[in-house]
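Everything below belongs to target.cif, which stores mmCIF, C-alpha atoms and all ligand atoms.
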```
data_structure
#
loop_
_atom_site.label_atom_id
_atom_site.label_comp_id
_atom_site.auth_asym_id
_atom_site.auth_seq_id
_atom_site.Cartn_x
_atom_site.Cartn_y
_atom_site.Cartn_z
CA SER G 28 -30.02 -3.10 -9.62
CA ASP G 29 -28.00 -2.53 -6.43
CA ALA G 30 -30.64 -4.33 -4.34
CA GLU G 31 -30.60 -7.33 -6.67
CA LEU G 32 -26.78 -7.56 -6.58
CA HIS G 33 -26.85 -7.27 -2.82
CA ARG G 34 -29.32 -10.14 -2.62
CA ARG G 35 -27.27 -12.32 -5.01
CA ILE G 36 -24.06 -11.73 -3.04
CA GLU G 37 -25.75 -12.55 0.27
CA ALA G 38 -27.33 -15.70 -1.19
CA ALA G 39 -24.00 -16.93 -2.62
CA LYS G 40 -22.21 -16.18 0.65
CA GLU G 41 -24.77 -18.15 2.58
CA LYS G 42 -24.40 -21.17 0.26
CA LEU G 43 -20.62 -21.03 0.59
CA GLY G 44 -20.73 -20.83 4.38
CA GLY G 45 -17.19 -20.40 5.69
CA ARG G 46 -15.59 -21.77 2.49
CA ALA G 47 -14.94 -18.29 1.13
CA VAL G 48 -13.73 -15.26 3.06
CA ILE G 49 -14.08 -11.73 1.67
CA LEU G 50 -11.35 -9.22 2.47
CA GLY G 51 -11.88 -5.52 1.69
CA HIS G 52 -9.48 -2.59 1.63
CA PHE G 53 -10.65 0.64 3.29
CA TYR G 54 -10.79 2.37 -0.14
CA GLN G 55 -13.47 0.04 -1.48
CA ARG G 56 -16.94 1.43 -2.11
CA ASP G 57 -19.58 0.88 0.60
CA GLU G 58 -21.58 -1.52 -1.59
CA VAL G 59 -18.58 -3.87 -1.46
CA ILE G 60 -17.46 -3.20 2.11
CA ARG G 61 -20.87 -4.19 3.49
CA HIS G 62 -20.17 -7.77 2.36
CA ALA G 63 -16.58 -7.98 3.62
CA ASP G 64 -15.73 -10.36 6.48
CA PHE G 65 -12.65 -8.30 7.26
CA VAL G 66 -11.81 -4.67 6.38
CA GLY G 67 -8.37 -3.17 6.83
CA ASP G 68 -5.30 -1.40 5.47
CA SER G 69 -2.82 -3.24 3.30
CA PHE G 70 -0.73 -4.46 6.26
CA GLN G 71 -3.76 -5.78 8.13
CA LEU G 72 -5.11 -7.46 5.00
CA ALA G 73 -1.78 -9.20 4.40
CA LYS G 74 -1.91 -10.57 7.93
CA ALA G 75 -5.59 -11.51 7.52
CA ALA G 76 -4.77 -13.51 4.37
CA LYS G 77 -2.24 -15.48 6.41
CA SER G 78 -4.67 -16.18 9.23
CA LYS G 79 -7.65 -17.73 7.40
CA PRO G 80 -6.35 -21.28 6.76
CA ASP G 81 -9.82 -22.81 6.76
CA ALA G 82 -11.15 -20.82 3.81
CA GLU G 83 -10.90 -22.53 0.42
CA ALA G 84 -11.03 -19.15 -1.31
CA ILE G 85 -10.02 -15.64 -0.34
CA ILE G 86 -11.97 -13.06 -2.33
CA PHE G 87 -9.77 -9.99 -2.33
CA CYS G 88 -11.63 -6.72 -2.79
CA GLY G 89 -8.67 -4.45 -3.38
CA VAL G 90 -6.04 -4.13 -6.11
CA HIS G 91 -3.82 -6.63 -7.92
CA PHE G 92 -0.66 -6.32 -5.81
CA MET G 93 -2.70 -6.95 -2.65
CA ALA G 94 -4.20 -10.11 -4.13
CA GLU G 95 -0.71 -11.30 -5.13
CA THR G 96 0.44 -10.70 -1.56
CA ALA G 97 -2.55 -12.64 -0.23
CA ASP G 98 -1.59 -15.53 -2.53
CA LEU G 99 1.99 -15.43 -1.22
CA LEU G 100 0.90 -15.53 2.42
CA SER G 101 -2.08 -17.90 2.23
CA GLY G 102 -1.91 -21.69 2.09
CA PRO G 103 -0.95 -23.55 -1.13
CA ASP G 104 -4.45 -24.99 -1.54
CA GLN G 105 -6.27 -21.70 -1.00
CA ALA G 106 -7.37 -19.78 -4.08
CA VAL G 107 -7.06 -16.00 -4.03
CA VAL G 108 -9.62 -14.32 -6.28
CA LEU G 109 -9.54 -10.72 -7.56
CA PRO G 110 -13.13 -9.96 -8.65
CA ASN G 111 -11.98 -7.67 -11.50
CA LEU G 112 -8.58 -8.38 -13.04
CA ALA G 113 -8.39 -4.78 -14.29
CA ALA G 114 -8.07 -3.50 -10.70
CA GLY G 115 -4.38 -2.58 -10.79
CA CYS G 116 -2.46 0.29 -9.19
CA SER G 117 -0.86 3.02 -11.29
CA MET G 118 1.83 3.54 -8.64
CA ALA G 119 2.79 -0.14 -8.61
CA ASP G 120 3.12 0.03 -12.42
CA MET G 121 5.69 2.85 -12.13
CA ALA G 122 8.45 0.43 -11.09
CA ASP G 123 8.90 -2.68 -13.23
CA ILE G 124 11.38 -5.47 -12.68
CA ASP G 125 13.49 -4.59 -15.74
CA SER G 126 14.04 -0.94 -14.73
CA VAL G 127 14.76 -1.88 -11.11
CA THR G 128 17.22 -4.57 -12.24
CA ALA G 129 18.92 -2.02 -14.53
CA CYS G 130 19.15 0.45 -11.64
CA TRP G 131 20.57 -2.26 -9.40
CA GLY G 132 23.22 -3.05 -12.03
CA GLN G 133 24.38 0.58 -12.06
CA LEU G 134 24.49 0.73 -8.26
CA THR G 135 26.40 -2.53 -8.02
CA GLU G 136 28.94 -1.28 -10.56
CA LEU G 137 29.42 1.86 -8.47
CA PHE G 138 29.40 0.43 -4.95
CA GLY G 139 30.19 -3.27 -5.44
CA SER G 140 28.17 -5.85 -3.54
CA GLU G 141 30.49 -6.72 -0.65
CA PRO G 142 29.75 -5.72 2.96
CA ASP G 143 31.96 -3.04 4.53
CA ASP G 144 34.07 -3.46 7.71
CA ASP G 145 31.05 -3.29 10.02
CA GLY G 146 29.25 -5.92 7.94
CA ARG G 147 26.80 -3.57 6.19
CA LEU G 148 25.97 -3.98 2.51
CA PRO G 149 26.29 -0.99 0.13
CA VAL G 150 22.54 -0.91 -0.73
CA ILE G 151 19.43 -2.61 0.69
CA PRO G 152 16.37 -2.68 -1.61
CA VAL G 153 13.05 -1.84 0.07
CA THR G 154 9.82 -2.15 -1.85
CA TYR G 155 6.52 -0.63 -0.80
CA MET G 156 3.75 -3.21 -0.61
CA ASN G 157 2.28 -1.38 -3.61
CA SER G 158 4.47 -3.22 -6.11
CA SER G 159 4.42 -6.40 -8.20
CA ALA G 160 5.32 -9.77 -6.68
CA ALA G 161 8.35 -9.74 -9.02
CA LEU G 162 9.75 -6.72 -7.16
CA LYS G 163 9.08 -8.32 -3.80
CA GLY G 164 10.99 -11.32 -5.13
CA PHE G 165 13.83 -9.02 -6.21
CA CYS G 166 14.04 -7.70 -2.64
CA GLY G 167 13.98 -11.21 -1.19
CA GLU G 168 16.88 -12.23 -3.44
CA ASN G 169 18.99 -9.15 -2.73
CA GLY G 170 18.86 -8.87 1.06
CA GLY G 171 15.83 -6.55 1.01
CA ILE G 172 12.39 -6.28 2.52
CA VAL G 173 8.81 -5.06 1.96
CA CYS G 174 7.12 -2.23 3.87
CA THR G 175 3.63 -0.76 4.08
CA SER G 176 2.60 2.76 5.02
CA SER G 177 2.02 1.60 8.60
CA ASN G 178 5.49 0.14 9.19
CA ALA G 179 7.82 2.06 6.86
CA ALA G 180 9.90 3.58 9.68
CA ALA G 181 10.46 0.22 11.41
CA VAL G 182 11.40 -1.32 8.07
CA LEU G 183 13.88 1.46 7.23
CA GLU G 184 15.48 0.94 10.68
CA TRP G 185 15.79 -2.76 9.80
CA ALA G 186 17.44 -1.85 6.49
CA PHE G 187 19.91 0.62 8.02
CA GLU G 188 21.08 -2.03 10.46
CA ARG G 189 22.09 -4.08 7.43
CA GLY G 190 23.10 -1.53 4.83
CA ARG G 191 24.71 1.85 4.26
CA ARG G 192 21.87 3.07 2.09
CA VAL G 193 18.42 2.07 0.86
CA LEU G 194 16.95 1.90 -2.63
CA PHE G 195 13.25 2.62 -2.01
CA PHE G 196 10.57 1.96 -4.65
CA PRO G 197 8.06 2.74 -6.12
CA ASP G 198 6.66 5.61 -3.94
CA GLN G 199 9.06 8.53 -3.56
CA HIS G 200 6.69 10.34 -1.17
CA LEU G 201 6.35 7.56 1.40
CA GLY G 202 10.12 7.08 1.25
CA ARG G 203 10.92 10.78 1.60
CA ASN G 204 8.37 11.47 4.34
CA THR G 205 9.46 8.47 6.38
CA ALA G 206 13.22 9.07 6.02
CA LYS G 207 12.80 12.77 6.79
CA ALA G 208 10.91 11.97 10.00
CA MET G 209 13.86 9.74 10.93
CA GLY G 210 16.23 12.71 10.63
CA ILE G 211 17.80 11.92 7.26
CA PRO G 212 18.63 15.17 5.41
CA LEU G 213 16.95 15.82 2.06
CA GLU G 214 20.36 16.15 0.33
CA ALA G 215 20.93 12.49 1.19
CA MET G 216 17.74 11.43 -0.63
CA PRO G 217 18.21 11.79 -4.38
CA THR G 218 15.40 10.72 -6.69
CA TRP G 219 16.02 7.95 -9.23
CA ASN G 220 14.60 8.56 -12.71
CA PRO G 221 14.82 5.20 -14.50
CA ARG G 222 14.99 6.90 -17.92
CA LEU G 223 18.30 8.64 -17.17
CA ALA G 224 21.80 7.26 -16.65
CA LEU G 225 22.54 6.96 -12.90
CA GLY G 226 18.89 7.89 -12.42
CA GLY G 227 19.75 11.52 -13.30
CA ASN G 228 22.31 11.85 -10.46
CA THR G 229 26.04 12.43 -10.25
CA VAL G 230 28.32 9.76 -8.84
CA GLU G 231 29.02 12.06 -5.90
CA GLN G 232 25.28 12.45 -5.12
CA LEU G 233 24.88 8.70 -5.14
CA ARG G 234 27.92 8.22 -2.88
CA GLN G 235 26.50 10.70 -0.35
CA SER G 236 23.01 9.17 -0.47
CA ARG G 237 21.27 7.36 2.39
CA VAL G 238 17.95 6.75 0.63
CA LEU G 239 17.55 6.57 -3.15
CA LEU G 240 13.93 7.33 -4.02
CA TRP G 241 12.37 5.80 -7.13
CA ASN G 242 10.29 8.53 -8.82
CA GLY G 243 6.87 6.83 -8.49
CA PHE G 244 3.81 8.41 -6.88
CA CYS G 245 0.13 7.79 -6.15
CA SER G 246 -2.14 9.74 -8.46
CA VAL G 247 -4.81 9.99 -5.74
CA HIS G 248 -2.58 11.28 -2.92
CA LYS G 249 -0.49 13.61 -5.03
CA ARG G 250 -3.62 15.73 -5.56
CA PHE G 251 -3.59 17.05 -2.00
CA THR G 252 -2.06 20.52 -1.54
CA VAL G 253 -0.84 22.87 1.17
CA ALA G 254 -3.44 25.42 -0.02
CA GLN G 255 -6.23 22.94 0.84
CA ILE G 256 -4.79 22.60 4.35
CA GLU G 257 -4.57 26.38 4.76
CA LYS G 258 -8.21 26.70 3.66
CA ALA G 259 -9.34 23.98 6.08
CA ARG G 260 -7.54 25.76 8.94
CA ALA G 261 -9.10 29.11 7.97
CA ASP G 262 -12.62 27.64 7.65
CA PHE G 263 -12.43 25.40 10.75
CA PRO G 264 -10.14 26.83 13.44
CA GLY G 265 -8.85 23.96 15.61
CA VAL G 266 -9.29 21.38 12.82
CA ARG G 267 -7.01 18.32 13.04
CA VAL G 268 -5.42 17.64 9.66
CA ILE G 269 -4.32 14.03 9.04
CA VAL G 270 -2.92 12.93 5.69
CA HIS G 271 -1.65 9.68 4.24
CA PRO G 272 2.17 9.48 3.87
CA GLU G 273 1.76 8.94 0.11
CA CYS G 274 1.06 12.71 -0.03
CA PRO G 275 3.91 15.02 -1.15
CA MET G 276 6.30 16.20 1.57
CA PRO G 277 5.07 19.83 1.82
CA VAL G 278 1.54 18.48 2.45
CA VAL G 279 2.73 16.08 5.15
CA ASP G 280 4.77 18.91 6.72
CA ALA G 281 1.75 21.24 6.77
CA ALA G 282 -0.55 18.58 8.28
CA ASP G 283 -0.77 17.83 12.00
CA GLU G 284 -0.17 14.12 11.48
CA ALA G 285 0.50 11.60 8.73
CA GLY G 286 -0.38 7.93 8.88
CA SER G 287 -1.74 4.87 7.10
CA THR G 288 -5.44 4.38 6.59
CA ASP G 289 -5.62 2.39 9.83
CA TYR G 290 -3.78 5.16 11.70
CA ILE G 291 -6.38 7.67 10.46
CA LEU G 292 -9.24 5.42 11.59
CA LYS G 293 -7.74 4.92 15.06
CA ALA G 294 -7.04 8.64 15.52
CA ILE G 295 -10.67 9.46 14.75
CA ASP G 296 -11.92 6.65 16.95
CA ALA G 297 -9.91 7.88 19.94
CA ALA G 298 -10.84 11.58 19.61
CA PRO G 299 -13.24 13.32 22.02
CA ASP G 300 -16.78 13.93 20.66
CA GLY G 301 -17.17 17.10 18.63
CA SER G 302 -13.70 16.94 17.03
CA THR G 303 -13.15 18.25 13.51
CA PHE G 304 -10.92 16.38 11.04
CA ALA G 305 -9.70 17.29 7.57
CA ILE G 306 -8.42 14.10 5.97
CA GLY G 307 -6.03 13.66 3.06
CA THR G 308 -6.82 10.24 1.67
CA GLU G 309 -9.19 8.42 -0.66
CA ILE G 310 -12.79 9.65 -0.67
CA ASN G 311 -14.66 6.36 -0.09
CA MET G 312 -12.79 5.91 3.16
CA VAL G 313 -13.31 9.53 4.27
CA ASN G 314 -17.04 9.45 3.50
CA ARG G 315 -17.44 6.18 5.40
CA LEU G 316 -15.64 7.59 8.43
CA ALA G 317 -17.89 10.66 8.32
CA ALA G 318 -20.96 8.39 8.35
CA GLN G 319 -19.58 6.10 11.08
CA TYR G 320 -18.61 8.95 13.42
CA PRO G 321 -21.51 11.44 13.31
CA GLN G 322 -20.31 12.89 16.65
CA HIS G 323 -17.35 14.44 14.74
CA THR G 324 -17.07 16.71 11.71
CA ILE G 325 -14.99 14.80 9.14
CA PHE G 326 -14.29 15.97 5.61
CA CYS G 327 -11.87 15.33 2.76
CA LEU G 328 -9.21 17.99 2.08
CA ASP G 329 -9.84 17.73 -1.66
CA PRO G 330 -13.17 19.34 -2.55
CA VAL G 331 -13.23 17.51 -5.89
CA ILE G 332 -14.17 13.83 -5.59
CA CYS G 333 -10.93 11.81 -5.44
CA PRO G 334 -11.60 8.08 -5.60
CA CYS G 335 -8.90 5.57 -6.44
CA SER G 336 -10.21 4.68 -9.90
CA THR G 337 -8.70 1.20 -9.87
CA MET G 338 -9.99 0.28 -6.40
CA TYR G 339 -13.36 1.41 -7.75
CA ARG G 340 -13.20 -1.25 -10.46
CA ILE G 341 -14.31 -3.83 -7.90
CA HIS G 342 -17.99 -3.38 -8.66
CA PRO G 343 -20.49 -5.49 -6.65
CA GLY G 344 -21.46 -7.13 -9.97
CA TYR G 345 -17.98 -8.71 -10.17
CA LEU G 346 -18.21 -9.79 -6.54
CA ALA G 347 -21.53 -11.54 -7.24
CA TRP G 348 -20.04 -13.17 -10.37
CA VAL G 349 -17.00 -14.68 -8.63
CA LEU G 350 -19.01 -15.84 -5.60
CA GLU G 351 -21.62 -17.53 -7.79
CA GLY G 352 -18.75 -19.15 -9.69
CA LEU G 353 -17.47 -20.64 -6.44
CA VAL G 354 -20.94 -21.94 -5.60
CA ARG G 355 -20.84 -23.84 -8.94
CA GLY G 356 -17.34 -25.09 -8.07
CA GLU G 357 -15.64 -22.76 -10.56
CA VAL G 358 -12.74 -20.55 -9.44
CA LEU G 359 -12.81 -17.39 -11.56
CA ASN G 360 -10.07 -14.71 -11.68
CA ARG G 361 -7.60 -16.65 -9.56
CA ILE G 362 -4.33 -14.82 -8.83
CA THR G 363 -1.34 -17.15 -8.67
CA VAL G 364 2.26 -16.02 -8.26
CA PRO G 365 4.64 -18.45 -10.02
CA ALA G 366 6.89 -20.41 -7.64
CA THR G 367 10.15 -18.88 -8.96
CA VAL G 368 8.91 -15.45 -7.87
CA ALA G 369 6.89 -16.62 -4.88
CA VAL G 370 9.79 -18.14 -2.93
CA PRO G 371 11.97 -14.98 -2.72
CA ALA G 372 8.90 -12.68 -2.50
CA ARG G 373 7.73 -14.62 0.56
CA THR G 374 11.18 -14.16 2.10
CA ALA G 375 10.89 -10.36 1.74
CA LEU G 376 7.34 -10.37 3.17
CA GLU G 377 8.28 -12.60 6.10
CA ARG G 378 11.16 -10.23 6.92
CA MET G 379 8.59 -7.43 7.06
CA LEU G 380 6.22 -9.40 9.30
CA ALA G 381 9.14 -10.19 11.62
CA ALA G 382 10.33 -6.55 11.65
CA ARG G 383 6.90 -5.48 12.91
CA PRO G 384 4.79 -8.51 13.86
P1 LIG X 1 -2.52 1.55 3.28
O1 LIG X 1 -3.62 0.58 3.18
O2 LIG X 1 -1.23 0.87 3.66
O3 LIG X 1 -2.80 2.72 4.14
O4 LIG X 1 -2.21 2.09 1.80
C1 LIG X 1 -3.05 2.90 1.12
C2 LIG X 1 -3.00 2.64 -0.31
O5 LIG X 1 -2.77 3.48 -1.12
C3 LIG X 1 -3.26 1.32 -0.74
O6 LIG X 1 -3.12 1.28 -2.06
FE1 LIG X 2 -2.47 2.67 -5.98
FE2 LIG X 2 -2.90 5.14 -5.04
FE3 LIG X 2 -4.96 3.57 -5.63
FE4 LIG X 2 -3.42 3.01 -3.50
S1 LIG X 2 -4.72 4.80 -3.79
S2 LIG X 2 -4.17 1.56 -5.05
S3 LIG X 2 -1.41 3.66 -4.30
S4 LIG X 2 -3.42 4.38 -7.10
#
```
Could you render the structure from this file as structure tokens?
Amino acid sequence: SDAELHRRIEAAKEKLGGRAVILGHFYQRDEVIRHADFVGDSFQLAKAAKSKPDAEAIIFCGVHFMAETADLLSGPDQAVVLPNLAAGCSMADMADIDSVTACWGQLTELFGSEPDDDGRLPVIPVTYMNSSAALKGFCGENGGIVCTSSNAAAVLEWAFERGRRVLFFPDQHLGRNTAKAMGIPLEAMPTWNPRLALGGNTVEQLRQSRVLLWNGFCSVHKRFTVAQIEKARADFPGVRVIVHPECPMPVVDAADEAGSTDYILKAIDAAPDGSTFAIGTEINMVNRLAAQYPQHTIFCLDPVICPCSTMYRIHPGYLAWVLEGLVRGEVLNRITVPATVAVPARTALERMLAARP
């Protein structure tokens, strides 16, 4: 039962003392979040993994790419544990190292790989945090960088200082929304379809491009629509609509604001009592905010339940299982990035941390 699992988790945590630290992403279910030592968005969790050197184990309640990132940023003797190895991310799976390498080959053939007169490279690869460690390594090796939804604009600025254009993967929406807000015209942002030659573009389109957008997307955030925003505005005049930048561009344009999960939390926290918010992000987070801020009216734009099904795979039963394993001295479900990938992936992550500390 839930109560029994809760008791087992608490008992194991107590036995472990400070030897294990539990990190939880905002999209985790409440039954997991209640046990987390630190809760945050993907950027904050990456920094948290780097700042817990005393813990022997970091139990990462989130998805696979986040646990890989925690392994890259934590100490060599710390074990990062993902309670359920099936907790992946469908968006991260939309860009694999072979297709990105093939894309890179076509771009290099077209543009070369030498810097121009002002020292800028033809293309800088930028990967969203929501990607495999292999792709972070690819960026590290090719002059690129990682971004999250909370620092994408700062990272694109970094990239444009060093390159004429950016290859952005896997999330087309975060890339498009961020570049558009920076004033880059839509015509200069072709989408790259890895199944087609030149990604489905003409040579001229690629030459004119500033940001090449991989055609990945988040299945949770692509569900939000402009019609939902119009309905929220009709039903609640004065409502403040905030959506995650993984939502499609028309949805971000129709909203009042777009920002990472932490941005949404801070906006709600700073609002005067009695505010009304319609939120376009994962349901566990929205429901928790509604419970934590009863002085406001907070609801999800999508009337149909929209959890991230892979985040939801971290059931408290798995958390109890890995913690009890640690109590017995057994490290279960350890995530380890091989050194050949880890070295360049760390380079790309450290560039991100330096671009926005
Ligand atoms: P953030 O935590 O960066 O807001 O990202 C949301 C998300 O989709 C994580 O998978
Ligand atoms: Fe991936 Fe979307 Fe789930 Fe985030 S919310 S883990 S991007 S599927």
Nearest to Ile85 (chain G), chosen from G:Cys116, G:Arg361, G:Ser28, G:Ala39, with all atoms listed in the file counted in the distances: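 Closest candidate: G:Arg361.
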Residue list as a PDB file with C-alpha atoms, keeping the file's coordinate frame for point (-11.3, 7.8, -7.0), cut-off 7 Å, all atoms listed in the file:
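Generated file (part.pdb):
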```pdb
ATOM      1  CA  VAL G 247      -4.810   9.990  -5.740  1.00  0.00           C
ATOM      2  CA  GLU G 309      -9.190   8.420  -0.660  1.00  0.00           C
ATOM      3  CA  ILE G 310     -12.790   9.650  -0.670  1.00  0.00           C
ATOM      4  CA  ILE G 332     -14.170  13.830  -5.590  1.00  0.00           C
ATOM      5  CA  CYS G 333     -10.930  11.810  -5.440  1.00  0.00           C
ATOM      6  CA  PRO G 334     -11.600   8.080  -5.600  1.00  0.00           C
ATOM      7  CA  CYS G 335      -8.900   5.570  -6.440  1.00  0.00           C
ATOM      8  CA  SER G 336     -10.210   4.680  -9.900  1.00  0.00           C
ATOM      9  CA  TYR G 339     -13.360   1.410  -7.750  1.00  0.00           C
TER      10      TYR G 339
END
```
Contact residues around region 262-277 of chain G with all atoms listed in the file at 8 Å, ignoring same-chain residues under 5 positions, as a VMD selection string: chain G and resid 176 198 200 to 201 203 to 205 244 to 245 248 to 253 256 282 to 288 291 302 to 308
Centre, edges in Å (one decimal): axis-aligned box, ligand LIG 1 (chain X), 8 Å padding on all six sides, as AutoDock Vina command-line options:
```
--center_x -2.4 --center_y 2.0 --center_z 1.0 --size_x 18.4 --size_y 18.9 --size_z 22.2
```
G:Asp68, G:Val370, G:Ala254, G:Leu50 ranked by distance to Leu109 (chain G), top pick (using all atoms listed in the file): G:Leu50
Using all atoms listed in the file: which of G:Gln232, G:Ser126, G:Asn220, G:Ser158 has the shortest distance to ligand LIG 2 (chain X):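 Checking each candidate against ligand LIG 2 (chain X), we get G:Ser158 as the closest.
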Residue among G:Gly352, G:Ala208, G:Ala47, G:Ala297 lying closest to Arg35 (chain G), counting only C-alpha atoms: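 The shortest atom-to-atom distance to Arg35 (chain G) comes from G:Gly352.
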Residue among G:Arg234, G:Lys42, G:Arg373, G:His91 lying closest to Ala119 (chain G), counting all atoms listed in the file: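 Between G:Arg234, G:Lys42, G:Arg373, G:His91, the residue approaching Ala119 (chain G) most closely is G:His91.
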Separation of CA of Thr175 (chain G) from atom O4 of ligand LIG 1 (chain X) in Å: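 Separating atom O4 of ligand LIG 1 (chain X) from CA of Thr175 (chain G) is a distance of 6.9 Å.
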